[in-house]
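**Student:** Please find final_23.csv (CSV, C-alpha atoms) on the next line:
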```
chain,number,residue,atom,x,y,z
A,139,MET,CA,2.6,-23.4,-23.8
A,140,CYS,CA,0.1,-22.1,-21.3
A,141,THR,CA,-2.2,-19.7,-23.3
A,142,TYR,CA,-3.8,-18.3,-20.1
A,143,LEU,CA,-6.7,-17.2,-22.4
A,144,THR,CA,-10.2,-17.5,-21.0
A,145,GLU,CA,-13.6,-16.3,-22.4
A,146,LYS,CA,-16.5,-16.1,-20.0
A,147,VAL,CA,-20.1,-16.3,-21.0
A,148,ALA,CA,-23.4,-16.0,-19.0
A,149,ILE,CA,-25.5,-19.1,-19.3
A,150,GLY,CA,-29.0,-20.0,-18.4
A,151,GLY,CA,-29.7,-23.8,-18.2
A,152,SER,CA,-28.8,-26.9,-16.3
A,153,ALA,CA,-26.0,-29.5,-16.2
A,154,LYS,CA,-25.6,-32.8,-14.5
A,155,GLY,CA,-22.5,-33.2,-12.4
A,156,ALA,CA,-21.1,-35.6,-9.9
A,157,SER,CA,-23.9,-34.7,-7.4
A,158,GLY,CA,-26.7,-34.6,-9.8
A,159,TRP,CA,-28.4,-31.8,-11.7
A,160,PHE,CA,-27.8,-28.1,-11.0
A,161,ARG,CA,-28.6,-24.8,-12.5
A,162,VAL,CA,-25.7,-23.4,-14.6
A,163,THR,CA,-25.2,-19.6,-14.4
A,164,GLU,CA,-21.9,-19.1,-16.3
A,165,GLY,CA,-19.4,-20.8,-18.6
A,166,SER,CA,-15.6,-20.5,-19.2
A,167,VAL,CA,-14.2,-21.3,-22.6
A,168,TYR,CA,-10.5,-21.7,-23.0
A,169,PHE,CA,-7.9,-23.3,-25.3
A,170,ASP,CA,-5.1,-24.6,-23.0
A,171,HIS,CA,-3.6,-27.7,-21.5
A,172,PRO,CA,-6.2,-30.3,-20.6
A,173,VAL,CA,-6.4,-32.0,-17.2
A,174,HIS,CA,-7.4,-35.4,-18.7
A,175,ALA,CA,-7.6,-35.5,-22.5
A,176,PRO,CA,-4.5,-37.0,-24.1
A,177,TYR,CA,-3.6,-34.0,-26.1
A,178,GLY,CA,-1.2,-31.0,-25.7
A,179,HIS,CA,-4.0,-28.4,-25.9
A,180,THR,CA,-7.7,-28.7,-26.0
A,181,LEU,CA,-10.8,-26.5,-26.2
A,182,ASN,CA,-12.1,-26.6,-22.7
A,183,ILE,CA,-15.6,-25.6,-21.5
A,184,ASP,CA,-16.6,-25.4,-17.8
A,185,PHE,CA,-20.3,-25.1,-17.1
A,186,LEU,CA,-20.4,-23.5,-13.6
A,187,ALA,CA,-22.6,-22.4,-10.8
A,188,PRO,CA,-20.2,-20.4,-8.6
A,189,ALA,CA,-22.9,-19.8,-5.9
A,190,GLU,CA,-22.9,-23.5,-5.3
A,191,GLY,CA,-19.1,-23.8,-5.0
A,192,PRO,CA,-16.2,-25.1,-7.0
A,193,SER,CA,-17.6,-28.7,-7.4
A,194,ALA,CA,-20.7,-27.4,-9.2
A,195,ARG,CA,-19.0,-27.9,-12.5
A,196,VAL,CA,-19.4,-29.9,-15.6
A,197,ALA,CA,-16.2,-29.9,-17.7
A,198,VAL,CA,-15.3,-31.0,-21.2
A,199,GLU,CA,-11.9,-31.1,-23.0
A,200,LEU,CA,-12.3,-31.3,-26.7
A,201,THR,CA,-9.8,-31.4,-29.6
A,202,ALA,CA,-10.0,-28.3,-31.7
A,203,GLU,CA,-11.5,-30.4,-34.6
A,204,SER,CA,-14.2,-31.8,-32.3
A,205,ALA,CA,-15.0,-28.3,-30.9
A,206,ARG,CA,-15.5,-26.9,-34.4
A,207,ALA,CA,-17.7,-29.9,-35.3
A,208,LEU,CA,-19.7,-29.3,-32.2
A,209,MET,CA,-20.1,-25.6,-33.0
A,210,LYS,CA,-21.5,-26.5,-36.5
A,211,ALA,CA,-23.8,-29.1,-35.0
A,212,ILE,CA,-25.2,-26.7,-32.5
A,213,GLU,CA,-25.7,-24.0,-35.2
A,214,ALA,CA,-27.4,-26.6,-37.5
A,215,VAL,CA,-29.8,-27.8,-34.8
A,216,LEU,CA,-30.7,-24.2,-33.7
A,217,GLU,CA,-31.2,-23.1,-37.3
A,218,SER,CA,-33.4,-26.1,-38.2
A,219,ALA,CA,-35.6,-25.8,-35.1
A,220,PRO,CA,-39.1,-24.5,-35.8
A,221,PRO,CA,-39.3,-20.8,-35.0
A,222,GLY,CA,-40.9,-19.6,-31.8
A,223,LEU,CA,-39.6,-22.4,-29.6
A,224,GLU,CA,-37.0,-20.4,-27.6
B,40,MET,CA,20.1,-47.7,3.5
B,41,TYR,CA,17.2,-46.0,5.3
B,42,ASP,CA,14.9,-44.5,2.7
B,43,ALA,CA,11.6,-43.6,4.4
B,44,VAL,CA,9.8,-40.5,3.0
B,45,LEU,CA,6.8,-38.7,4.5
B,46,SER,CA,4.4,-36.8,2.2
B,47,GLU,CA,1.3,-35.0,3.3
B,48,THR,CA,-0.9,-32.0,2.9
B,49,VAL,CA,0.1,-29.1,5.1
B,50,THR,CA,-0.8,-25.5,5.7
B,51,ILE,CA,1.8,-22.8,5.2
B,52,THR,CA,1.8,-19.1,5.6
B,53,GLY,CA,1.8,-17.5,2.1
B,54,HIS,CA,1.6,-14.1,0.6
B,55,GLU,CA,0.5,-11.3,3.0
B,56,GLY,CA,0.4,-13.8,5.9
B,57,ASP,CA,-2.5,-15.8,4.5
B,58,ALA,CA,-2.8,-19.5,5.3
B,59,ILE,CA,-2.7,-21.6,2.2
B,60,GLU,CA,-2.7,-25.3,1.4
B,61,ALA,CA,0.5,-27.0,0.3
B,62,TYR,CA,1.8,-30.5,-0.4
B,63,ALA,CA,5.0,-31.5,1.4
B,64,ALA,CA,7.4,-34.4,1.1
B,65,ARG,CA,10.6,-35.0,3.0
B,66,PRO,CA,13.0,-37.8,3.7
B,67,LEU,CA,12.9,-39.0,7.3
B,68,THR,CA,16.6,-38.6,7.8
B,69,PRO,CA,18.2,-36.4,10.4
B,70,GLY,CA,19.8,-34.5,7.5
B,71,PRO,CA,20.9,-31.8,7.1
B,72,VAL,CA,19.3,-31.6,3.7
B,73,GLY,CA,18.4,-28.9,1.2
B,74,GLY,CA,14.9,-27.7,0.5
B,75,VAL,CA,13.0,-27.2,-2.8
B,76,VAL,CA,9.9,-25.2,-3.6
B,77,VAL,CA,7.8,-26.8,-6.4
B,78,LEU,CA,5.6,-24.7,-8.6
B,79,HIS,CA,2.8,-26.5,-10.4
B,80,HIS,CA,1.6,-25.9,-13.9
B,81,LEU,CA,-1.5,-24.0,-15.0
B,82,PRO,CA,-3.9,-27.0,-14.8
B,83,GLY,CA,-3.2,-27.1,-11.1
B,84,TYR,CA,-2.0,-28.8,-8.0
B,85,ASP,CA,-2.4,-32.2,-9.4
B,86,ARG,CA,-1.4,-35.9,-9.1
B,87,GLN,CA,1.6,-35.6,-11.3
B,88,THR,CA,3.1,-32.5,-9.7
B,89,LYS,CA,2.6,-34.1,-6.3
B,90,GLU,CA,4.6,-37.0,-7.7
B,91,PHE,CA,7.3,-34.5,-8.8
B,92,THR,CA,7.3,-33.3,-5.1
B,93,ARG,CA,7.7,-36.8,-3.8
B,94,SER,CA,10.4,-37.6,-6.3
B,95,LEU,CA,12.5,-34.8,-4.9
B,96,ALA,CA,12.1,-36.2,-1.4
B,97,VAL,CA,13.1,-39.6,-2.6
B,98,GLY,CA,16.1,-37.8,-4.1
B,99,GLY,CA,17.1,-36.6,-0.7
B,100,PHE,CA,15.5,-33.1,-0.5
B,101,ASN,CA,12.7,-31.6,1.6
B,102,ALA,CA,10.1,-30.3,-0.9
B,103,VAL,CA,6.9,-28.3,-0.7
B,104,MET,CA,4.4,-27.3,-3.4
B,105,PRO,CA,2.1,-24.4,-2.6
B,106,ASN,CA,-1.5,-24.8,-4.0
B,107,LEU,CA,-1.5,-21.6,-6.0
B,108,TYR,CA,-5.3,-21.7,-6.3
B,109,SER,CA,-5.9,-22.4,-2.6
B,110,ARG,CA,-7.2,-18.9,-2.0
B,111,GLU,CA,-9.8,-19.1,-4.8
B,112,ALA,CA,-11.2,-22.5,-3.8
B,113,PRO,CA,-10.0,-23.8,-0.4
B,114,GLY,CA,-10.2,-27.6,-0.2
B,115,ALA,CA,-11.6,-28.0,-3.7
B,116,GLU,CA,-10.7,-30.8,-6.0
B,117,PRO,CA,-7.6,-29.4,-7.9
B,118,SER,CA,-9.1,-29.2,-11.4
B,119,ASP,CA,-12.3,-27.6,-9.9
B,120,ALA,CA,-10.0,-25.1,-8.1
B,121,MET,CA,-8.3,-24.2,-11.4
B,122,ALA,CA,-11.7,-23.7,-13.1
B,123,THR,CA,-12.8,-21.5,-10.2
B,124,ALA,CA,-9.6,-19.4,-10.5
B,125,ARG,CA,-10.1,-19.0,-14.2
B,126,ALA,CA,-13.7,-18.1,-13.9
B,127,SER,CA,-13.0,-15.5,-11.2
B,128,GLY,CA,-10.3,-13.9,-13.3
B,129,ALA,CA,-7.5,-14.9,-10.9
B,130,ILE,CA,-5.4,-16.5,-13.7
B,131,PRO,CA,-2.8,-15.3,-14.4
B,132,ILE,CA,-1.9,-14.9,-10.8
B,133,PRO,CA,0.0,-11.7,-10.2
B,134,ASP,CA,3.8,-12.1,-9.9
B,135,GLU,CA,3.8,-10.3,-6.5
B,136,ARG,CA,1.5,-13.0,-5.1
B,137,ILE,CA,3.6,-15.8,-6.5
B,138,VAL,CA,6.7,-14.4,-4.9
B,139,GLY,CA,4.9,-14.1,-1.6
B,140,GLU,CA,3.8,-17.7,-1.8
B,141,VAL,CA,7.3,-18.9,-2.6
B,142,ALA,CA,8.7,-16.8,0.3
B,143,GLY,CA,6.2,-18.5,2.6
B,144,ALA,CA,7.2,-21.9,1.3
B,145,ILE,CA,10.9,-21.1,1.9
B,146,ALA,CA,10.0,-20.2,5.5
B,147,TYR,CA,8.3,-23.5,5.9
B,148,LEU,CA,11.3,-25.5,4.5
B,149,ASN,CA,13.7,-23.6,6.7
B,150,GLY,CA,11.6,-24.4,9.8
B,151,LEU,CA,12.0,-28.2,9.3
B,152,GLY,CA,14.3,-29.9,11.8
B,153,ASN,CA,16.5,-31.5,9.2
B,154,ALA,CA,16.9,-28.4,7.0
B,155,ASN,CA,20.4,-27.2,6.0
B,156,GLY,CA,19.3,-23.7,5.0
B,157,LYS,CA,19.9,-24.1,1.3
B,158,ILE,CA,16.9,-23.5,-0.9
B,159,GLY,CA,16.1,-24.3,-4.5
B,160,VAL,CA,13.0,-23.7,-6.7
B,161,ILE,CA,11.6,-25.7,-9.6
B,162,GLY,CA,8.5,-25.4,-11.8
B,163,HIS,CA,7.1,-26.6,-15.0
B,164,CYS,CA,5.1,-24.9,-17.7
B,165,SER,CA,3.7,-21.7,-16.1
B,166,GLY,CA,5.6,-22.8,-13.0
B,167,GLY,CA,8.8,-22.7,-15.0
B,168,ARG,CA,8.2,-19.0,-15.6
B,169,GLN,CA,7.4,-18.6,-11.9
B,170,SER,CA,10.6,-20.5,-11.0
B,171,PHE,CA,12.6,-17.9,-12.9
B,172,LEU,CA,10.5,-15.2,-11.3
B,173,ALA,CA,11.4,-16.5,-7.8
B,174,ALA,CA,15.0,-16.7,-8.7
B,175,VAL,CA,15.2,-13.0,-9.8
B,176,SER,CA,13.1,-11.9,-6.8
B,177,LEU,CA,14.4,-13.8,-3.8
B,178,PRO,CA,17.8,-15.0,-2.5
B,179,LEU,CA,18.0,-18.7,-3.5
B,180,ASP,CA,20.8,-21.3,-4.0
B,181,ALA,CA,19.5,-23.1,-7.2
B,182,ALA,CA,16.7,-22.9,-9.6
B,183,VAL,CA,15.3,-25.1,-12.4
B,184,ASP,CA,13.1,-23.9,-15.2
B,185,CYS,CA,11.2,-26.7,-17.0
B,186,TYR,CA,9.9,-25.3,-20.3
B,187,GLY,CA,8.6,-22.1,-18.8
B,188,GLY,CA,6.9,-19.9,-21.4
B,189,PHE,CA,6.9,-16.1,-21.5
B,190,VAL,CA,10.3,-15.7,-19.7
B,191,VAL,CA,11.3,-14.3,-23.0
B,192,GLY,CA,9.1,-12.5,-25.6
B,193,THR,CA,6.3,-10.0,-25.5
B,194,PRO,CA,2.8,-11.4,-25.4
B,195,PRO,CA,0.5,-10.0,-28.1
B,196,ALA,CA,-2.1,-7.3,-27.4
B,197,GLY,CA,-5.1,-8.7,-25.7
B,198,HIS,CA,-3.2,-11.6,-24.2
B,199,PRO,CA,-3.7,-11.9,-20.4
B,200,LEU,CA,0.1,-11.3,-19.9
B,201,ALA,CA,0.2,-8.3,-22.2
B,202,GLY,CA,1.9,-5.4,-20.5
B,203,TRP,CA,3.9,-7.7,-18.2
B,204,GLU,CA,7.6,-6.9,-18.5
B,205,PRO,CA,9.4,-10.0,-19.9
B,206,LEU,CA,11.3,-11.6,-17.0
B,207,VAL,CA,14.4,-11.9,-19.1
B,208,THR,CA,15.0,-8.2,-18.5
B,209,LYS,CA,15.7,-9.0,-14.9
B,210,THR,CA,18.4,-11.6,-15.6
B,211,ALA,CA,21.0,-9.5,-13.9
B,212,GLU,CA,19.1,-10.0,-10.6
B,213,LEU,CA,19.2,-13.8,-10.8
B,214,SER,CA,20.3,-14.9,-7.4
B,215,CYS,CA,21.5,-18.4,-8.1
B,216,PRO,CA,22.6,-21.0,-10.7
B,217,LEU,CA,19.9,-21.8,-13.2
B,218,LEU,CA,19.2,-25.2,-14.9
B,219,GLY,CA,16.9,-24.9,-18.0
B,220,LEU,CA,15.2,-28.0,-19.4
B,221,PHE,CA,13.5,-27.5,-22.8
B,222,GLY,CA,12.1,-29.4,-25.8
B,223,SER,CA,13.2,-28.8,-29.4
B,224,GLU,CA,9.6,-29.0,-30.6
B,225,ASP,CA,8.2,-26.4,-28.1
B,226,VAL,CA,6.8,-23.2,-29.4
B,227,SER,CA,6.8,-21.4,-26.1
B,228,PRO,CA,9.5,-21.4,-25.1
B,229,SER,CA,10.8,-21.9,-28.7
B,230,PRO,CA,14.4,-22.7,-29.4
B,231,ALA,CA,14.8,-19.0,-30.3
B,232,HIS,CA,13.4,-18.0,-26.9
B,233,VAL,CA,15.8,-20.4,-25.2
B,234,ALA,CA,18.7,-18.9,-27.2
B,235,GLU,CA,17.7,-15.4,-26.2
B,236,LEU,CA,17.6,-16.4,-22.5
B,237,GLU,CA,20.9,-18.0,-22.8
B,238,ALA,CA,22.5,-14.9,-24.4
B,239,ALA,CA,21.1,-12.8,-21.5
B,240,LEU,CA,22.6,-15.2,-18.9
B,241,GLN,CA,25.9,-15.1,-20.6
B,242,ALA,CA,25.8,-11.3,-20.8
B,243,ALA,CA,25.1,-11.1,-17.1
B,244,GLY,CA,27.8,-13.6,-16.3
B,245,LYS,CA,25.4,-16.0,-14.6
B,246,THR,CA,26.0,-19.7,-13.9
B,247,TYR,CA,23.6,-21.9,-15.9
B,248,LYS,CA,23.2,-25.1,-17.7
B,249,PHE,CA,20.6,-25.7,-20.5
B,250,ARG,CA,19.5,-29.0,-22.0
B,251,SER,CA,17.2,-28.9,-25.1
B,252,TYR,CA,15.9,-32.4,-25.8
B,253,GLU,CA,15.6,-33.3,-29.5
B,254,GLY,CA,12.1,-34.4,-30.4
B,255,ALA,CA,10.6,-33.3,-27.0
B,256,ASN,CA,7.7,-30.9,-26.8
B,257,HIS,CA,6.2,-28.7,-24.1
B,258,GLY,CA,5.3,-30.8,-21.1
B,259,PHE,CA,7.7,-33.6,-21.9
B,260,MET,CA,8.2,-34.5,-18.2
B,261,GLN,CA,4.5,-34.9,-17.4
B,262,ALA,CA,3.8,-38.6,-17.2
B,263,ASP,CA,0.0,-38.1,-17.4
B,264,SER,CA,0.3,-36.1,-20.7
B,265,ALA,CA,0.4,-37.2,-24.3
B,266,ARG,CA,3.5,-35.1,-24.5
B,267,TYR,CA,5.5,-37.3,-22.2
B,268,HIS,CA,8.8,-38.1,-23.7
B,269,PRO,CA,10.3,-40.8,-21.6
B,270,THR,CA,14.0,-40.7,-22.6
B,271,SER,CA,14.1,-37.0,-22.2
B,272,ALA,CA,12.2,-37.0,-18.9
B,273,VAL,CA,14.5,-39.6,-17.4
B,274,ASP,CA,17.6,-37.6,-18.4
B,275,ALA,CA,16.0,-34.4,-17.1
B,276,TRP,CA,15.3,-35.9,-13.7
B,277,ALA,CA,19.0,-37.0,-13.5
B,278,GLU,CA,20.0,-33.4,-14.3
B,279,ILE,CA,17.6,-32.0,-11.7
B,280,LEU,CA,18.8,-34.2,-8.9
B,281,ALA,CA,22.5,-33.5,-9.8
B,282,TRP,CA,21.8,-29.8,-10.0
B,283,PHE,CA,20.2,-29.6,-6.6
B,284,GLY,CA,22.8,-32.1,-5.2
B,285,ARG,CA,25.5,-29.8,-6.3
B,286,TYR,CA,24.1,-26.4,-5.2
B,287,LEU,CA,22.0,-27.4,-2.1
B,288,ALA,CA,24.6,-29.3,-0.4
B,289,ALA,CA,25.4,-28.1,3.2
```
Output the structure of this file as structure tokens.

**Tutor:**
Amino acid sequence: MCTYLTEKVAIGGSAKGASGWFRVTEGSVYFDHPVHAPYGHTLNIDFLAPAEGPSARVAVELTAESARALMKAIEAVLESAPPGLE
Amino acid sequence: MYDAVLSETVTITGHEGDAIEAYAARPLTPGPVGGVVVLHHLPGYDRQTKEFTRSLAVGGFNAVMPNLYSREAPGAEPSDAMATARASGAIPIPDERIVGEVAGAIAYLNGLGNANGKIGVIGHCSGGRQSFLAAVSLPLDAAVDCYGGFVVGTPPAGHPLAGWEPLVTKTAELSCPLLGLFGSEDVSPSPAHVAELEAALQAAGKTYKFRSYEGANHGFMQADSARYHPTSAVDAWAEILAWFGRYLAA
């Protein structure tokens, strides 16, 4: 099924796409059919810079299990980082 | 037997008179032949749906697939266009706009020199729902719904389709015979959804044929997908070509 569900998030940072590095301003997170990953549904994240056009995009399509593991890893790294570095 | 086919990107006039990109394929025969509008799935106007379009031309029909995200990202790579449409809040595309795009695609098909004036529509996944939408909104000669979700059933609160009237309530307005192709393992449409749609078609006295393939899941016709179910897909293609052959004949 197509879930149609999309969560948007404002992002400050950079990503490296097909044309090199660019500043990312927003992200889309959705659980829906992938374009490339060999699964029925995946957790998809688009890192975007709409001001630079549709091709300013870094995309990942992750299994739900991988996405949960990634969330834990991100949380663990952020929690273990010395305070005051942000 | 002469079997040449021409496929190419074209510009058609879509909803509200806007120019949009489309992918067209047609047999290079004098005809007359029927025409089919192809509606792509949510991930976009991609390689495999273009192959669907070419397969219809090889089967003897003029076919055209509007790029439903052409407005949000003209000329963009298809998956980038889908991402832009999502990020801009354009997904789900309003039904009114879909009907306008299909009407434009029909006008394109009827303008081809070898057209016989008969028109069908086919779509898969979200395009399956939109195929049913077109068939209850426009005068058509045949329709095919490949595992379209949310034709039946009420989306939960908070879902992007929440508040949209289930299309099954418009079954009485179906303008043409409907072929439905479903998988027994699908959850949307589930076998219960398929049964509800079938009951509505029977109640309205509509001509239809349903095939539910045992062991097949959502997307079973998509060769690029892990869900591809070859035996079901091969049979489904035979059903599609027979359906359009029967109802789009001059």

**Student:** Compile the residues of chain B that lie within 9 Å of chain A, evaluated using all atoms listed in the file, and express the compilation as an mmCIF file with C-alpha atoms, in the coordinates of the input.

**Tutor:**
```
data_model
loop_
_atom_site.group_PDB
_atom_site.id
_atom_site.type_symbol
_atom_site.label_atom_id
_atom_site.label_comp_id
_atom_site.auth_asym_id
_atom_site.auth_seq_id
_atom_site.Cartn_x
_atom_site.Cartn_y
_atom_site.Cartn_z
ATOM 1 C CA HIS B 80 1.600 -25.900 -13.900
ATOM 2 C CA LEU B 81 -1.500 -24.000 -15.000
ATOM 3 C CA PRO B 82 -3.900 -27.000 -14.800
ATOM 4 C CA GLY B 83 -3.200 -27.100 -11.100
ATOM 5 C CA ASP B 85 -2.400 -32.200 -9.400
ATOM 6 C CA ALA B 112 -11.200 -22.500 -3.800
ATOM 7 C CA ALA B 115 -11.600 -28.000 -3.700
ATOM 8 C CA GLU B 116 -10.700 -30.800 -6.000
ATOM 9 C CA SER B 118 -9.100 -29.200 -11.400
ATOM 10 C CA ASP B 119 -12.300 -27.600 -9.900
ATOM 11 C CA ALA B 120 -10.000 -25.100 -8.100
ATOM 12 C CA ALA B 122 -11.700 -23.700 -13.100
ATOM 13 C CA THR B 123 -12.800 -21.500 -10.200
ATOM 14 C CA ARG B 125 -10.100 -19.000 -14.200
ATOM 15 C CA ALA B 126 -13.700 -18.100 -13.900
ATOM 16 C CA GLY B 128 -10.300 -13.900 -13.300
ATOM 17 C CA ILE B 130 -5.400 -16.500 -13.700
ATOM 18 C CA PRO B 131 -2.800 -15.300 -14.400
ATOM 19 C CA CYS B 164 5.100 -24.900 -17.700
ATOM 20 C CA SER B 165 3.700 -21.700 -16.100
ATOM 21 C CA TYR B 186 9.900 -25.300 -20.300
ATOM 22 C CA GLY B 187 8.600 -22.100 -18.800
ATOM 23 C CA GLY B 188 6.900 -19.900 -21.400
ATOM 24 C CA PHE B 189 6.900 -16.100 -21.500
ATOM 25 C CA HIS B 198 -3.200 -11.600 -24.200
ATOM 26 C CA PRO B 199 -3.700 -11.900 -20.400
ATOM 27 C CA LEU B 200 0.100 -11.300 -19.900
ATOM 28 C CA ASP B 225 8.200 -26.400 -28.100
ATOM 29 C CA VAL B 226 6.800 -23.200 -29.400
ATOM 30 C CA SER B 227 6.800 -21.400 -26.100
ATOM 31 C CA PRO B 228 9.500 -21.400 -25.100
ATOM 32 C CA ASN B 256 7.700 -30.900 -26.800
ATOM 33 C CA HIS B 257 6.200 -28.700 -24.100
ATOM 34 C CA GLY B 258 5.300 -30.800 -21.100
ATOM 35 C CA ASP B 263 0.000 -38.100 -17.400
ATOM 36 C CA SER B 264 0.300 -36.100 -20.700
ATOM 37 C CA ALA B 265 0.400 -37.200 -24.300
ATOM 38 C CA ARG B 266 3.500 -35.100 -24.500
#
```

**Student:** To one decimal place, how far is atom CA of B:Phe91 from atom CA of B:His79 in Å?

**Tutor:**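 Value for the atom CA of B:Phe91-atom CA of B:His79 distance: 9.3 Å.
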
**Student:** Using all atoms listed in the file, determine which residues lie at most 9 Å from stretch 67-78 of chain B, disregarding the query and same-chain residues fewer than 2 positions distant; provide the list as a PDB file with C-alpha atoms, in the coordinates of the input.

**Tutor:**
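Saved result, selection-v6.pdb, follows:
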```pdb
ATOM      1  CA  TYR B  41      17.200 -46.000   5.300  1.00  0.00           C
ATOM      2  CA  ASP B  42      14.900 -44.500   2.700  1.00  0.00           C
ATOM      3  CA  ALA B  43      11.600 -43.600   4.400  1.00  0.00           C
ATOM      4  CA  VAL B  44       9.800 -40.500   3.000  1.00  0.00           C
ATOM      5  CA  LEU B  45       6.800 -38.700   4.500  1.00  0.00           C
ATOM      6  CA  ARG B  65      10.600 -35.000   3.000  1.00  0.00           C
ATOM      7  CA  HIS B  80       1.600 -25.900 -13.900  1.00  0.00           C
ATOM      8  CA  TYR B  84      -2.000 -28.800  -8.000  1.00  0.00           C
ATOM      9  CA  THR B  88       3.100 -32.500  -9.700  1.00  0.00           C
ATOM     10  CA  LYS B  89       2.600 -34.100  -6.300  1.00  0.00           C
ATOM     11  CA  PHE B  91       7.300 -34.500  -8.800  1.00  0.00           C
ATOM     12  CA  THR B  92       7.300 -33.300  -5.100  1.00  0.00           C
ATOM     13  CA  LEU B  95      12.500 -34.800  -4.900  1.00  0.00           C
ATOM     14  CA  GLY B  99      17.100 -36.600  -0.700  1.00  0.00           C
ATOM     15  CA  PHE B 100      15.500 -33.100  -0.500  1.00  0.00           C
ATOM     16  CA  ASN B 101      12.700 -31.600   1.600  1.00  0.00           C
ATOM     17  CA  ALA B 102      10.100 -30.300  -0.900  1.00  0.00           C
ATOM     18  CA  VAL B 103       6.900 -28.300  -0.700  1.00  0.00           C
ATOM     19  CA  MET B 104       4.400 -27.300  -3.400  1.00  0.00           C
ATOM     20  CA  PRO B 105       2.100 -24.400  -2.600  1.00  0.00           C
ATOM     21  CA  ASN B 106      -1.500 -24.800  -4.000  1.00  0.00           C
ATOM     22  CA  LEU B 107      -1.500 -21.600  -6.000  1.00  0.00           C
ATOM     23  CA  VAL B 141       7.300 -18.900  -2.600  1.00  0.00           C
ATOM     24  CA  ALA B 144       7.200 -21.900   1.300  1.00  0.00           C
ATOM     25  CA  ILE B 145      10.900 -21.100   1.900  1.00  0.00           C
ATOM     26  CA  LEU B 148      11.300 -25.500   4.500  1.00  0.00           C
ATOM     27  CA  ASN B 149      13.700 -23.600   6.700  1.00  0.00           C
ATOM     28  CA  GLY B 152      14.300 -29.900  11.800  1.00  0.00           C
ATOM     29  CA  ASN B 153      16.500 -31.500   9.200  1.00  0.00           C
ATOM     30  CA  ALA B 154      16.900 -28.400   7.000  1.00  0.00           C
ATOM     31  CA  ASN B 155      20.400 -27.200   6.000  1.00  0.00           C
ATOM     32  CA  GLY B 156      19.300 -23.700   5.000  1.00  0.00           C
ATOM     33  CA  LYS B 157      19.900 -24.100   1.300  1.00  0.00           C
ATOM     34  CA  ILE B 158      16.900 -23.500  -0.900  1.00  0.00           C
ATOM     35  CA  GLY B 159      16.100 -24.300  -4.500  1.00  0.00           C
ATOM     36  CA  VAL B 160      13.000 -23.700  -6.700  1.00  0.00           C
ATOM     37  CA  ILE B 161      11.600 -25.700  -9.600  1.00  0.00           C
ATOM     38  CA  GLY B 162       8.500 -25.400 -11.800  1.00  0.00           C
ATOM     39  CA  HIS B 163       7.100 -26.600 -15.000  1.00  0.00           C
ATOM     40  CA  SER B 165       3.700 -21.700 -16.100  1.00  0.00           C
ATOM     41  CA  GLY B 166       5.600 -22.800 -13.000  1.00  0.00           C
ATOM     42  CA  GLY B 167       8.800 -22.700 -15.000  1.00  0.00           C
ATOM     43  CA  GLN B 169       7.400 -18.600 -11.900  1.00  0.00           C
ATOM     44  CA  SER B 170      10.600 -20.500 -11.000  1.00  0.00           C
ATOM     45  CA  ALA B 181      19.500 -23.100  -7.200  1.00  0.00           C
ATOM     46  CA  ALA B 182      16.700 -22.900  -9.600  1.00  0.00           C
ATOM     47  CA  PHE B 283      20.200 -29.600  -6.600  1.00  0.00           C
ATOM     48  CA  GLY B 284      22.800 -32.100  -5.200  1.00  0.00           C
ATOM     49  CA  TYR B 286      24.100 -26.400  -5.200  1.00  0.00           C
ATOM     50  CA  LEU B 287      22.000 -27.400  -2.100  1.00  0.00           C
ATOM     51  CA  ALA B 288      24.600 -29.300  -0.400  1.00  0.00           C
ATOM     52  CA  ALA B 289      25.400 -28.100   3.200  1.00  0.00           C
TER      53      ALA B 289
END
```

**Student:** In Å, rounded to a single decimal, give me how far atom CA of A:Thr163 is from atom CA of A:Ala189.

**Tutor:**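 Result for atom CA of A:Ala189 versus atom CA of A:Thr163: 8.8 Å, one decimal.
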
**Student:** Near B:Ala211, within 9 Å and counting only C-alpha atoms, which residues show up once chain neighbours fewer than 4 positions away are dropped, as a list in words?

**Tutor:**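 With the cut-off at 9 Å, the set is Val175, Val207, Ala239, Leu240, Ala242, Ala243, Gly244 and Lys245 of chain B.
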
**Student:** Write out the residues from the selection above, keeping C-alpha atoms, as a compact mmCIF listing (two decimals), keeping the file's coordinate frame.

**Tutor:**
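Writing done, so here's result-v8.txt:
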```
# COMPACT_ATOMS: atom_id res chain seq x y z
CA VAL B 175 15.20 -13.00 -9.80
CA VAL B 207 14.40 -11.90 -19.10
CA ALA B 239 21.10 -12.80 -21.50
CA LEU B 240 22.60 -15.20 -18.90
CA ALA B 242 25.80 -11.30 -20.80
CA ALA B 243 25.10 -11.10 -17.10
CA GLY B 244 27.80 -13.60 -16.30
CA LYS B 245 25.40 -16.00 -14.60
```

**Student:** In Å, rounded to a single decimal, give me how far atom CA of B:Pro117 is from atom CA of B:Glu135.

**Tutor:**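 Value for the atom CA of B:Glu135-atom CA of B:Pro117 distance: 22.3 Å.
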
**Student:** Could you check which of B:Leu151, B:Ala234, B:Ile59, B:Cys185 is closest to B:Ala255, using only C-alpha atoms?

**Tutor:**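 Counting only C-alpha atoms, the residue closest to B:Ala255 is B:Cys185.
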
**Student:** Name all residues at most 7 Å from A:Ala153 (count only C-alpha atoms; drop same-chain ones fewer than 3 positions away) and give them as a list in words.

**Tutor:** Trp159, Phe160, Arg161, Val162 and Val196 of chain A

**Student:** Which residues, protein or nucleic acid, reach to within 8 Å of (-12.2, -34.6, -24.7) in the file's coordinates when using all atoms listed in the file, and can you give that as a PDB file with C-alpha atoms, in the frame of the given file?

**Tutor:**
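This went into point27.pdb:
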```pdb
ATOM      1  CA  HIS A 174      -7.400 -35.400 -18.700  1.00  0.00           C
ATOM      2  CA  ALA A 175      -7.600 -35.500 -22.500  1.00  0.00           C
ATOM      3  CA  THR A 180      -7.700 -28.700 -26.000  1.00  0.00           C
ATOM      4  CA  VAL A 198     -15.300 -31.000 -21.200  1.00  0.00           C
ATOM      5  CA  GLU A 199     -11.900 -31.100 -23.000  1.00  0.00           C
ATOM      6  CA  LEU A 200     -12.300 -31.300 -26.700  1.00  0.00           C
ATOM      7  CA  THR A 201      -9.800 -31.400 -29.600  1.00  0.00           C
TER       8      THR A 201
END
```
